[in-house]
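File shown here: target-v6.cif, holding mmCIF, C-alpha atoms.
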```
data_target
loop_
_atom_site.label_atom_id
_atom_site.label_comp_id
_atom_site.auth_asym_id
_atom_site.auth_seq_id
_atom_site.Cartn_x
_atom_site.Cartn_y
_atom_site.Cartn_z
CA MET A 12 -16.99 -34.16 43.90
CA GLN A 13 -14.07 -32.13 45.28
CA HIS A 14 -12.41 -30.26 42.38
CA LEU A 15 -8.73 -29.48 42.34
CA ASP A 16 -7.77 -26.15 43.82
CA PRO A 17 -6.96 -23.49 41.14
CA ASP A 18 -3.54 -22.86 42.71
CA ARG A 19 -2.83 -26.57 42.67
CA LEU A 20 -3.79 -26.79 38.98
CA VAL A 21 -1.27 -24.05 38.22
CA VAL A 22 1.43 -25.89 40.14
CA LEU A 23 0.59 -29.11 38.29
CA ALA A 24 0.75 -27.26 34.98
CA LEU A 25 4.14 -25.75 35.80
CA SER A 26 6.23 -28.16 37.76
CA GLU A 27 4.74 -31.05 39.70
CA GLU A 28 3.22 -34.41 38.80
CA PRO A 29 -0.28 -35.13 40.13
CA GLY A 30 -0.52 -37.47 43.13
CA PRO A 31 -2.60 -40.67 42.98
CA SER A 32 -5.86 -39.14 44.24
CA GLU A 33 -5.40 -36.13 41.95
CA SER A 34 -4.81 -38.45 39.00
CA ASP A 35 -8.02 -40.30 39.82
CA HIS A 36 -9.92 -37.05 39.94
CA LEU A 37 -8.45 -35.84 36.66
CA ASP A 38 -9.45 -39.12 35.02
CA ASP A 39 -13.03 -38.59 36.14
CA CYS A 40 -13.44 -34.81 35.77
CA PRO A 41 -13.38 -33.31 32.26
CA GLY A 42 -13.55 -29.79 33.74
CA CYS A 43 -10.35 -30.03 35.78
CA ARG A 44 -8.68 -32.03 32.99
CA GLY A 45 -9.52 -29.31 30.48
CA ASP A 46 -8.30 -26.55 32.80
CA LEU A 47 -5.04 -28.35 33.40
CA ALA A 48 -4.51 -28.95 29.67
CA THR A 49 -5.11 -25.26 28.92
CA LEU A 50 -2.80 -24.13 31.72
CA ARG A 51 -0.10 -26.48 30.42
CA ASP A 52 -0.49 -25.00 26.93
CA VAL A 53 -0.18 -21.51 28.36
CA ALA A 54 2.90 -22.53 30.36
CA ASP A 55 4.49 -24.10 27.25
CA LEU A 56 3.77 -21.00 25.18
CA GLY A 57 5.12 -18.83 27.97
CA ALA A 58 8.31 -20.88 28.18
CA GLU A 59 8.80 -20.68 24.40
CA GLY A 60 8.56 -16.91 24.73
CA GLN A 61 12.08 -16.81 26.15
CA ASP A 62 13.40 -16.67 22.59
CA LEU A 63 11.15 -13.74 21.76
CA ARG A 64 12.70 -11.21 24.07
CA GLY A 65 14.41 -8.38 22.28
CA LEU A 66 13.33 -9.34 18.77
CA PRO A 67 15.16 -7.30 16.18
CA THR A 68 13.17 -4.44 14.73
CA PRO A 69 12.64 -4.47 10.96
CA PRO A 70 15.13 -2.41 8.94
CA GLU A 71 14.16 1.16 8.15
CA HIS A 72 13.72 0.49 4.42
CA VAL A 73 10.66 -1.64 5.25
CA TRP A 74 9.05 1.36 6.89
CA GLN A 75 10.04 3.61 4.01
CA ALA A 76 8.27 1.26 1.60
CA ILE A 77 5.15 1.25 3.80
CA GLU A 78 5.23 5.03 4.02
CA ALA A 79 5.54 5.38 0.24
CA GLU A 80 2.59 3.08 -0.33
CA ILE A 81 0.24 4.77 2.07
CA ALA A 82 1.30 8.30 1.10
CA PRO A 83 -1.50 8.92 -1.42
CA ASP A 84 -4.08 7.78 1.08
CA VAL A 85 -2.54 9.92 3.82
CA ALA A 86 -2.65 12.92 1.52
CA ARG A 87 -6.27 12.19 0.80
CA ALA A 88 -7.16 11.84 4.46
CA ALA A 89 -5.34 15.07 5.26
CA ALA A 90 -7.14 16.96 2.51
CA PRO A 91 -10.82 16.25 2.99
CA ALA A 92 -11.67 18.59 0.13
CA GLY A 93 -9.62 16.42 -2.15
CA VAL A 94 -9.98 13.28 -4.17
CA THR A 95 -12.28 11.64 -1.68
CA GLU A 96 -14.50 14.23 -3.17
CA LEU A 97 -13.94 13.02 -6.70
CA ALA A 98 -17.50 11.78 -6.66
CA GLY A 99 -18.61 15.12 -5.28
CA HIS A 100 -16.52 16.94 -7.79
CA ARG A 101 -18.27 15.01 -10.50
CA ALA A 102 -21.63 15.77 -9.09
CA ARG A 103 -20.94 19.48 -9.15
CA PRO A 104 -23.02 21.16 -11.83
CA ARG A 105 -21.04 21.35 -15.01
CA ARG A 106 -21.73 23.46 -17.99
CA PRO A 107 -24.04 21.28 -20.04
CA ARG A 108 -22.46 20.10 -23.21
CA PRO A 109 -24.60 20.57 -26.32
CA ARG A 110 -25.92 17.17 -27.16
CA TRP A 111 -24.70 17.29 -30.76
CA LEU A 112 -21.16 17.86 -29.57
CA THR A 113 -20.81 14.60 -27.66
CA PRO A 114 -20.36 12.23 -30.63
CA LEU A 115 -17.89 14.67 -32.14
CA LEU A 116 -15.88 14.79 -28.91
CA ALA A 117 -15.95 11.02 -28.66
CA ALA A 118 -14.75 10.72 -32.21
CA ALA A 119 -12.04 13.28 -31.59
CA ALA A 120 -10.98 11.43 -28.45
CA ALA A 121 -10.89 8.17 -30.35
CA ALA A 122 -8.76 9.77 -33.00
CA VAL A 123 -6.37 11.09 -30.38
CA VAL A 124 -6.15 7.68 -28.75
CA ALA A 125 -5.57 6.06 -32.13
CA VAL A 126 -2.79 8.50 -33.00
CA ALA A 127 -1.25 8.20 -29.56
CA GLY A 128 -1.49 4.44 -29.79
CA THR A 129 0.26 4.45 -33.14
CA VAL A 130 2.94 6.72 -31.82
CA ALA A 131 3.50 4.47 -28.85
CA VAL A 132 3.70 1.39 -31.00
CA ASP A 133 6.06 3.15 -33.40
CA ARG A 134 8.25 4.21 -30.57
CA ILE A 135 8.40 0.75 -29.14
CA ALA A 136 8.91 -0.90 -32.51
CA GLY A 137 11.39 1.65 -33.75
CA ARG A 138 13.65 1.75 -30.77
CA ALA A 139 16.20 -0.62 -29.47
CA PRO A 140 14.99 -2.01 -26.15
CA VAL A 141 16.84 0.49 -24.02
CA GLU A 142 14.50 0.52 -21.04
CA GLN A 143 15.38 3.51 -19.01
CA VAL A 144 13.01 3.83 -16.08
CA GLU A 145 12.45 7.44 -15.11
CA ALA A 146 9.93 6.90 -12.34
CA ARG A 147 8.02 4.08 -10.78
CA ALA A 148 5.09 3.47 -8.47
CA THR A 149 3.54 0.56 -6.65
CA LEU A 150 -0.23 0.58 -6.84
CA THR A 151 -2.24 -0.55 -3.85
CA PRO A 152 -5.97 -1.15 -3.57
CA LEU A 153 -8.26 1.35 -1.95
CA ALA A 154 -10.23 0.29 1.11
CA THR A 155 -13.27 -0.82 -0.85
CA VAL A 156 -11.26 -2.98 -3.24
CA PRO A 157 -10.22 -6.62 -2.59
CA ALA A 158 -6.78 -6.55 -0.99
CA ASP A 159 -5.18 -8.85 -3.55
CA ALA A 160 -5.61 -6.23 -6.26
CA SER A 161 -2.28 -4.62 -7.04
CA GLY A 162 -0.24 -3.01 -9.72
CA SER A 163 3.05 -1.50 -10.64
CA VAL A 164 3.94 1.37 -12.90
CA ARG A 165 7.13 2.29 -14.67
CA VAL A 166 7.56 5.49 -16.60
CA LEU A 167 10.01 4.75 -19.36
CA SER A 168 12.13 7.23 -21.22
CA GLY A 169 10.37 8.63 -24.24
CA GLY A 170 7.10 9.33 -22.46
CA ARG A 171 5.70 5.85 -22.13
CA MET A 172 4.17 4.40 -19.03
CA GLN A 173 4.10 0.68 -18.52
CA ILE A 174 1.38 -0.42 -16.16
CA ASP A 175 0.95 -3.91 -14.86
CA VAL A 176 -2.14 -4.73 -12.81
CA ARG A 177 -3.34 -7.83 -11.01
CA ASN A 178 -6.66 -9.01 -9.61
CA LEU A 179 -8.65 -5.91 -10.47
CA PRO A 180 -12.34 -6.35 -9.70
CA LEU A 181 -14.44 -7.15 -12.75
CA THR A 182 -16.21 -4.23 -14.34
CA THR A 183 -19.09 -3.80 -16.72
CA GLY A 184 -17.30 -0.70 -17.96
CA PHE A 185 -13.56 -0.30 -18.31
CA HIS A 186 -10.47 0.54 -16.28
CA GLU A 187 -9.00 3.96 -16.89
CA VAL A 188 -5.56 5.18 -15.88
CA TRP A 189 -5.08 8.72 -14.57
CA LEU A 190 -2.29 10.94 -13.34
CA ILE A 191 -3.56 13.15 -10.53
CA ASP A 192 -2.11 16.16 -8.77
CA PRO A 193 -2.21 15.14 -5.09
CA ASP A 194 -2.07 18.79 -4.07
CA ASP A 195 -5.18 19.64 -6.05
CA LEU A 196 -7.10 16.48 -6.57
CA SER A 197 -9.46 17.98 -9.10
CA LYS A 198 -6.55 18.28 -11.54
CA MET A 199 -5.82 15.15 -13.53
CA VAL A 200 -4.68 13.76 -16.84
CA ALA A 201 -6.38 10.75 -18.43
CA LEU A 202 -3.84 8.38 -19.94
CA GLY A 203 -6.02 5.68 -21.43
CA ASN A 204 -7.64 2.41 -20.52
CA LEU A 205 -6.32 -1.01 -19.68
CA ALA A 206 -8.26 -2.93 -22.33
CA ASP A 207 -8.52 -6.04 -20.13
CA GLN A 208 -4.84 -6.69 -20.36
CA PRO A 209 -2.61 -7.20 -17.37
CA ASP A 210 0.30 -5.35 -18.89
CA VAL A 211 -0.25 -2.20 -20.91
CA LEU A 212 1.94 0.52 -22.32
CA LEU A 213 0.31 3.96 -22.38
CA PRO A 214 1.70 7.17 -23.83
CA VAL A 215 2.15 10.05 -21.40
CA PRO A 216 1.16 13.34 -23.08
CA PRO A 217 4.34 15.29 -23.90
CA GLY A 218 5.01 18.05 -21.41
CA THR A 219 3.15 16.40 -18.53
CA ASP A 220 4.78 17.43 -15.27
CA LEU A 221 5.25 14.16 -13.42
CA ASN A 222 6.39 15.94 -10.31
CA ARG A 223 3.01 17.54 -10.13
CA TYR A 224 0.83 14.77 -11.57
CA ARG A 225 2.53 12.06 -9.56
CA LEU A 226 -0.43 10.16 -8.18
CA VAL A 227 -1.25 7.23 -10.47
CA ASP A 228 -4.88 6.20 -10.23
CA VAL A 229 -6.79 3.33 -11.85
CA SER A 230 -10.54 3.83 -11.87
CA ASP A 231 -13.61 1.87 -12.81
CA GLU A 232 -15.44 3.79 -15.51
CA PRO A 233 -18.96 3.05 -16.70
CA HIS A 234 -19.83 3.26 -20.39
CA ASP A 235 -21.76 6.44 -19.85
CA GLY A 236 -19.97 8.60 -22.34
CA ASP A 237 -18.78 10.86 -19.54
CA ALA A 238 -15.06 11.45 -19.95
CA THR A 239 -14.51 12.66 -16.39
CA HIS A 240 -13.36 10.47 -13.52
CA SER A 241 -16.16 8.29 -12.19
CA GLY A 242 -15.04 8.76 -8.59
CA ARG A 243 -14.55 5.03 -8.23
CA SER A 244 -10.82 4.63 -7.78
CA LEU A 245 -9.51 1.08 -7.47
CA LEU A 246 -5.73 1.38 -7.22
CA ARG A 247 -3.41 4.22 -6.34
CA GLY A 248 0.28 4.80 -6.01
CA THR A 249 2.74 7.68 -6.09
CA LEU A 250 5.46 8.01 -8.70
CA THR A 251 8.97 8.30 -7.40
CA SER A 252 12.07 8.59 -9.48
CA MET B 19 2.06 4.68 26.33
CA ASN B 20 -0.92 4.90 24.03
CA SER B 21 -3.55 2.22 24.36
CA ASP B 22 -4.84 0.18 21.44
CA ASP B 23 -8.05 2.20 21.71
CA GLU B 24 -6.28 5.52 21.22
CA LEU B 25 -4.15 4.21 18.39
CA ALA B 26 -7.19 2.70 16.68
CA GLU B 27 -8.98 6.02 16.88
CA ARG B 28 -6.04 7.94 15.50
CA LEU B 29 -5.67 5.42 12.68
CA ARG B 30 -9.31 5.76 11.79
CA ASP B 31 -8.77 9.51 11.59
CA GLY B 32 -6.09 8.88 9.01
CA ASP B 33 -3.14 9.73 11.26
CA ASP B 34 -0.11 8.04 9.73
CA LYS B 35 1.99 8.82 12.79
CA ALA B 36 -0.20 6.38 14.71
CA LEU B 37 0.70 3.72 12.14
CA ARG B 38 4.35 4.43 12.81
CA MET B 39 3.76 3.94 16.53
CA VAL B 40 2.02 0.65 15.88
CA TYR B 41 4.90 -0.34 13.63
CA ASP B 42 7.50 0.57 16.23
CA ARG B 43 5.65 -1.47 18.81
CA HIS B 44 4.72 -4.54 16.79
CA GLY B 45 6.85 -4.51 13.62
CA ALA B 46 9.37 -6.87 15.18
CA ALA B 47 6.69 -9.44 16.05
CA VAL B 48 5.21 -9.26 12.55
CA LEU B 49 8.65 -9.68 10.98
CA TYR B 50 9.40 -12.59 13.30
CA LEU B 51 6.16 -14.36 12.39
CA ALA B 52 6.76 -13.86 8.67
CA GLN B 53 10.34 -15.06 8.94
CA ARG B 54 9.32 -18.19 10.85
CA LEU B 55 6.65 -18.99 8.29
CA LEU B 56 8.55 -18.14 5.13
CA GLY B 57 12.07 -18.98 6.18
CA ASN B 58 13.71 -16.19 4.26
CA ARG B 59 14.43 -12.66 5.19
CA ALA B 60 13.53 -10.89 1.94
CA ASP B 61 10.06 -12.48 1.75
CA ALA B 62 9.55 -11.81 5.45
CA GLU B 63 10.32 -8.12 4.99
CA ASP B 64 7.95 -7.99 2.02
CA VAL B 65 5.17 -9.56 4.05
CA THR B 66 5.85 -7.13 6.90
CA GLN B 67 5.46 -4.27 4.46
CA VAL B 68 2.29 -5.68 2.91
CA THR B 69 0.84 -6.34 6.36
CA PHE B 70 1.22 -2.76 7.56
CA VAL B 71 -0.10 -1.35 4.29
CA ALA B 72 -3.12 -3.67 4.59
CA ALA B 73 -3.54 -2.61 8.22
CA TRP B 74 -3.59 1.00 7.08
CA THR B 75 -6.02 0.33 4.25
CA GLY B 76 -8.27 -1.75 6.48
CA ARG B 77 -7.87 0.36 9.59
CA ASP B 78 -11.61 0.85 9.90
CA SER B 79 -12.09 -2.88 10.43
CA TYR B 80 -10.04 -3.05 13.63
CA ASP B 81 -12.24 -3.19 16.70
CA PRO B 82 -10.36 -2.89 20.02
CA GLN B 83 -13.33 -4.52 21.76
CA ARG B 84 -12.62 -7.77 20.00
CA GLY B 85 -8.91 -8.18 20.45
CA THR B 86 -5.60 -6.40 20.71
CA MET B 87 -3.84 -4.55 17.94
CA LEU B 88 -1.10 -7.17 17.94
CA GLY B 89 -3.58 -10.02 17.56
CA TRP B 90 -5.20 -8.22 14.65
CA LEU B 91 -1.87 -7.50 12.95
CA LEU B 92 -0.65 -11.06 13.37
CA GLY B 93 -3.90 -12.30 11.84
CA ILE B 94 -3.26 -10.16 8.76
CA ALA B 95 0.41 -11.14 8.62
CA ARG B 96 -0.42 -14.81 8.86
CA ARG B 97 -2.78 -14.64 5.90
CA LYS B 98 -0.33 -12.57 3.86
CA ALA B 99 2.45 -15.07 4.60
CA VAL B 100 0.24 -18.01 3.66
CA ASP B 101 -0.67 -16.24 0.39
CA ARG B 102 3.01 -15.81 -0.27
CA MET B 103 3.70 -19.49 0.42
CA ARG B 104 0.95 -20.50 -1.98
CA THR B 105 2.38 -18.30 -4.71
CA ALA B 106 5.83 -19.70 -4.07
CA ALA B 107 4.43 -23.22 -4.21
CA ARG B 108 2.85 -22.48 -7.59
CA ASP B 109 6.09 -21.07 -8.90
CA GLU B 110 8.19 -23.94 -7.73
CA ARG B 111 6.11 -26.99 -8.30
CA VAL B 112 9.11 -28.75 -9.71
CA ALA B 113 11.03 -28.44 -6.50
CA GLU B 114 8.12 -29.57 -4.38
CA THR B 115 8.99 -33.24 -4.11
CA VAL B 116 12.55 -32.49 -3.15
CA ARG B 117 11.49 -30.01 -0.51
CA ALA B 118 8.93 -32.36 0.99
CA GLN B 119 11.67 -34.90 1.47
CA LEU B 120 13.94 -32.38 3.12
CA ALA B 121 11.40 -31.06 5.58
CA PRO B 122 8.62 -33.41 6.64
CA PRO B 123 5.47 -31.31 7.18
CA ASP B 124 4.92 -32.52 10.74
CA GLU B 125 8.21 -31.01 11.84
CA ARG B 126 7.29 -27.59 10.54
CA GLU B 127 5.96 -25.11 12.96
CA THR B 128 2.34 -24.18 12.41
CA PRO B 129 1.51 -20.52 11.87
CA GLU B 130 -1.00 -20.74 14.71
CA ARG B 131 1.68 -21.86 17.15
CA VAL B 132 3.96 -18.95 16.29
CA VAL B 133 1.09 -16.49 16.63
CA ASP B 134 0.11 -17.95 20.00
CA ARG B 135 3.65 -17.68 21.26
CA LEU B 136 3.92 -14.03 20.18
CA VAL B 137 0.59 -13.17 21.77
CA VAL B 138 1.51 -14.80 25.08
CA ALA B 139 4.95 -13.15 25.05
CA ASP B 140 3.30 -9.77 24.44
CA GLU B 141 0.97 -10.33 27.38
CA MET B 142 3.96 -11.23 29.55
CA ASP B 143 5.37 -7.81 28.76
CA ARG B 144 2.16 -6.17 29.88
CA LEU B 145 1.98 -7.91 33.27
CA PRO B 146 2.82 -6.00 36.44
CA GLU B 147 6.55 -6.26 37.09
CA GLU B 148 6.44 -8.73 40.03
CA GLN B 149 3.94 -10.97 38.28
CA ARG B 150 6.08 -11.08 35.19
CA ARG B 151 9.25 -11.73 37.14
CA THR B 152 7.80 -14.67 39.08
CA LEU B 153 6.38 -16.19 35.90
CA GLU B 154 9.72 -15.83 34.14
CA LEU B 155 11.41 -17.72 36.95
CA ALA B 156 8.78 -20.45 36.67
CA PHE B 157 8.84 -20.64 32.84
CA PHE B 158 12.44 -19.98 31.93
CA ASP B 159 14.28 -21.26 34.98
CA ASP B 160 11.88 -24.05 35.92
CA LEU B 161 11.85 -22.98 39.55
CA THR B 162 9.18 -24.26 41.95
CA HIS B 163 7.07 -21.83 43.99
CA PRO B 164 9.24 -22.17 47.14
CA GLN B 165 12.41 -21.70 45.07
CA ILE B 166 10.94 -18.55 43.53
CA ALA B 167 10.07 -17.30 47.01
CA ALA B 168 13.66 -17.94 48.09
CA VAL B 169 15.16 -16.20 45.04
CA THR B 170 12.91 -13.15 45.13
CA GLY B 171 12.47 -12.81 48.88
CA LEU B 172 8.69 -12.65 48.39
CA PRO B 173 6.42 -14.56 50.78
CA LEU B 174 5.30 -17.91 49.36
CA GLY B 175 1.66 -16.82 49.40
CA THR B 176 2.52 -13.76 47.28
CA VAL B 177 4.44 -15.89 44.79
CA LYS B 178 1.46 -18.23 44.48
CA SER B 179 -0.96 -15.42 43.90
CA HIS B 180 1.33 -13.68 41.36
CA ILE B 181 1.67 -16.88 39.41
CA ARG B 182 -2.00 -17.73 39.55
CA ARG B 183 -3.01 -14.25 38.41
CA GLY B 184 -0.29 -14.09 35.82
CA MET B 185 -1.34 -17.43 34.35
CA ALA B 186 -4.96 -16.31 34.33
CA ASN B 187 -3.99 -13.15 32.43
CA LEU B 188 -1.96 -15.08 29.87
CA ARG B 189 -4.76 -17.58 29.44
CA ARG B 190 -7.38 -14.92 28.92
CA ARG B 191 -5.25 -13.13 26.37
CA TRP B 192 -4.51 -16.38 24.55
CA GLU B 193 -8.19 -17.21 24.37
CA VAL B 194 -8.99 -13.77 22.96
CA ASP B 195 -6.10 -13.28 20.54
CA GLY B 196 -4.49 -16.64 20.00
CA ALA B 197 -4.73 -18.40 16.68
CA THR B 198 -5.61 -21.80 18.14
CA PHE B 199 -8.66 -20.31 19.74
CA GLY B 200 -8.82 -17.90 16.93
CA SER B 201 -11.67 -18.74 14.60
CA ARG B 202 -13.07 -15.54 16.06
CA SER B 203 -10.00 -13.47 15.41
CA ALA B 204 -9.44 -15.03 12.01
CA GLY B 205 -12.98 -14.29 10.92
CA ARG B 206 -13.09 -10.63 11.61
CA THR B 207 -10.34 -9.51 9.32
CA ARG B 208 -10.65 -12.01 6.52
CA ALA B 209 -11.46 -9.21 4.11
CA LEU B 210 -7.89 -7.99 4.43
#
```
The structure given in the file should be rewritten as structure tokens.
Amino acid sequence: MQHLDPDRLVVLALSEEPGPSESDHLDDCPGCRGDLATLRDVADLGAEGQDLRGLPTPPEHVWQAIEAEIAPDVARAAAPAGVTELAGHRARPRRPRPRWLTPLLAAAAAAVVAVAGTVAVDRIAGRAPVEQVEARATLTPLATVPADASGSVRVLSGGRMQIDVRNLPLTTGFHEVWLIDPDDLSKMVALGNLADQPDVLLPVPPGTDLNRYRLVDVSDEPHDGDATHSGRSLLRGTLTS
Amino acid sequence: MNSDDELAERLRDGDDKALRMVYDRHGAAVLYLAQRLLGNRADAEDVTQVTFVAAWTGRDSYDPQRGTMLGWLLGIARRKAVDRMRTAARDERVAETVRAQLAPPDERETPERVVDRLVVADEMDRLPEEQRRTLELAFFDDLTHPQIAAVTGLPLGTVKSHIRRGMANLRRRWEVDGATFGSRSAGRTRAL
């Protein structure tokens, strides 16, 4: 069987109709028929491309939003001794805590959380709903976390932080919220945990410098009684005012 | 001009300037795809943003051996846009019947078709100048080979070979990066 010449197939795909003997061959030959169909598709797609010349570039604010979202990760990549090393930081030998102290510390921490919680509730209950947002952040998942995980943070006047998270991976422990100093990633403030709720209001300790501790981090913490960061960050974002 | 290989390597090293270069080169195509799929500018810009953030986060998963940067980005953008459409559909179930009547589904453009068109257009831009020019005359102006020879002053044999090679290049690229052929390209970045 004499197949159609490749040049001829291109011509047929672009401009001409097949002659009678070519039509007969195309009817009989799936190979040439398939080639011609593909070339016609390519020619159609190519012709549609006329509208795609000189597409407008996205406005600059789109890039600014991208830049803001990746900033924490960029900082981390640029500072290899940093938070990537949270796990390493944790593994560093720490002064052993006397065993008897641990329950006391836990109790003290619980008391602090309870007081803080009460204060937060009082503040919310006692105030008219004047929601002045002092800073905000969009939280994005780290590379190991499913991409649909997300969150947003608003620091409200009066030292409260509203955090709203979505699609966090399940945990056998709990999700803890931190404020980290991106310039020295071993420095951080624990704000509290998310208690399985999508929308939580946490008190920010008075006097916390949000210009310094501007990296918001949500981590997965095991119930191991260790109050330091587990090294397993899920979401991050940088506060901007 | 930096190749996809170089950009991929710089991205993997955490170089955000490389992301900006990728954005300058392909941001318009991503925005166009999103806008075609979502039909509104604000959502399209959101999806563009989400796409590049996801590309940054998942930069280790891009393998230049398996497709171009643009094909990879459009794959991400397509999934992000479809996610967005699903969310919108959930939010607006009430309006669904009305909308279906306004725009019959078969008249809507498929995401795959838009991706294919962008990929082929990008390959056109990469062709050697004479190849691209002869193909443009064939595609956009519907000229025959002899007419193209007359317009360009090139010998007919040269026109034929430019067009044959150009078509072969477009076809190859479409088969590697296109969405219609793209179970391969769709599979590799599903995690994003």
Answer as an mmCIF file with C-alpha atoms, in the coordinates of the input, residues within 10 Å of (10.0, -12.1, 23.2) using all atoms listed in the file:
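Saved to out-v3.cif:
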```
data_model
loop_
_atom_site.group_PDB
_atom_site.id
_atom_site.type_symbol
_atom_site.label_atom_id
_atom_site.label_comp_id
_atom_site.auth_asym_id
_atom_site.auth_seq_id
_atom_site.Cartn_x
_atom_site.Cartn_y
_atom_site.Cartn_z
ATOM 1 C CA GLY A 57 5.120 -18.830 27.970
ATOM 2 C CA GLU A 59 8.800 -20.680 24.400
ATOM 3 C CA GLY A 60 8.560 -16.910 24.730
ATOM 4 C CA GLN A 61 12.080 -16.810 26.150
ATOM 5 C CA ASP A 62 13.400 -16.670 22.590
ATOM 6 C CA LEU A 63 11.150 -13.740 21.760
ATOM 7 C CA ARG A 64 12.700 -11.210 24.070
ATOM 8 C CA GLY A 65 14.410 -8.380 22.280
ATOM 9 C CA LEU A 66 13.330 -9.340 18.770
ATOM 10 C CA PRO A 67 15.160 -7.300 16.180
ATOM 11 C CA ALA B 46 9.370 -6.870 15.180
ATOM 12 C CA ALA B 47 6.690 -9.440 16.050
ATOM 13 C CA TYR B 50 9.400 -12.590 13.300
ATOM 14 C CA ARG B 135 3.650 -17.680 21.260
ATOM 15 C CA LEU B 136 3.920 -14.030 20.180
ATOM 16 C CA VAL B 137 0.590 -13.170 21.770
ATOM 17 C CA VAL B 138 1.510 -14.800 25.080
ATOM 18 C CA ALA B 139 4.950 -13.150 25.050
ATOM 19 C CA ASP B 140 3.300 -9.770 24.440
ATOM 20 C CA MET B 142 3.960 -11.230 29.550
ATOM 21 C CA ASP B 143 5.370 -7.810 28.760
#
```
Using only C-alpha atoms and a cut-off of 6 Å, which residues of chain B sit close to chain A? Please list them as a CSV table (one decimal) with C-alpha atoms, keeping the file's coordinate frame.
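Just written: part_19.csv:
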```csv
chain,number,residue,atom,x,y,z
B,32,GLY,CA,-6.1,8.9,9.0
B,46,ALA,CA,9.4,-6.9,15.2
B,67,GLN,CA,5.5,-4.3,4.5
B,71,VAL,CA,-0.1,-1.4,4.3
B,75,THR,CA,-6.0,0.3,4.2
B,135,ARG,CA,3.6,-17.7,21.3
B,139,ALA,CA,5.0,-13.2,25.0
B,157,PHE,CA,8.8,-20.6,32.8
B,158,PHE,CA,12.4,-20.0,31.9
B,210,LEU,CA,-7.9,-8.0,4.4
```
Q. Between A:Leu226, A:Leu37, A:Val211, A:Leu23, which one has atoms that come closest to Leu250 (chain A), using all atoms listed in the file?
A. A:Leu226
**Q.** Cut-off 7 Å around (0.9, -12.4, 40.0) with all atoms listed in the file: residues as a PyMOL selection string
**A.** chain B and resi 148-149+177+179-184
Q: List the neighbours of Phe185 (chain A) out to 9 Å using only C-alpha atoms; skip same-chain residues closer than 3 positions along the sequence, and give me the result as an NGL selection string.
A: :A and (181-182 or 204-207 or 230-234)
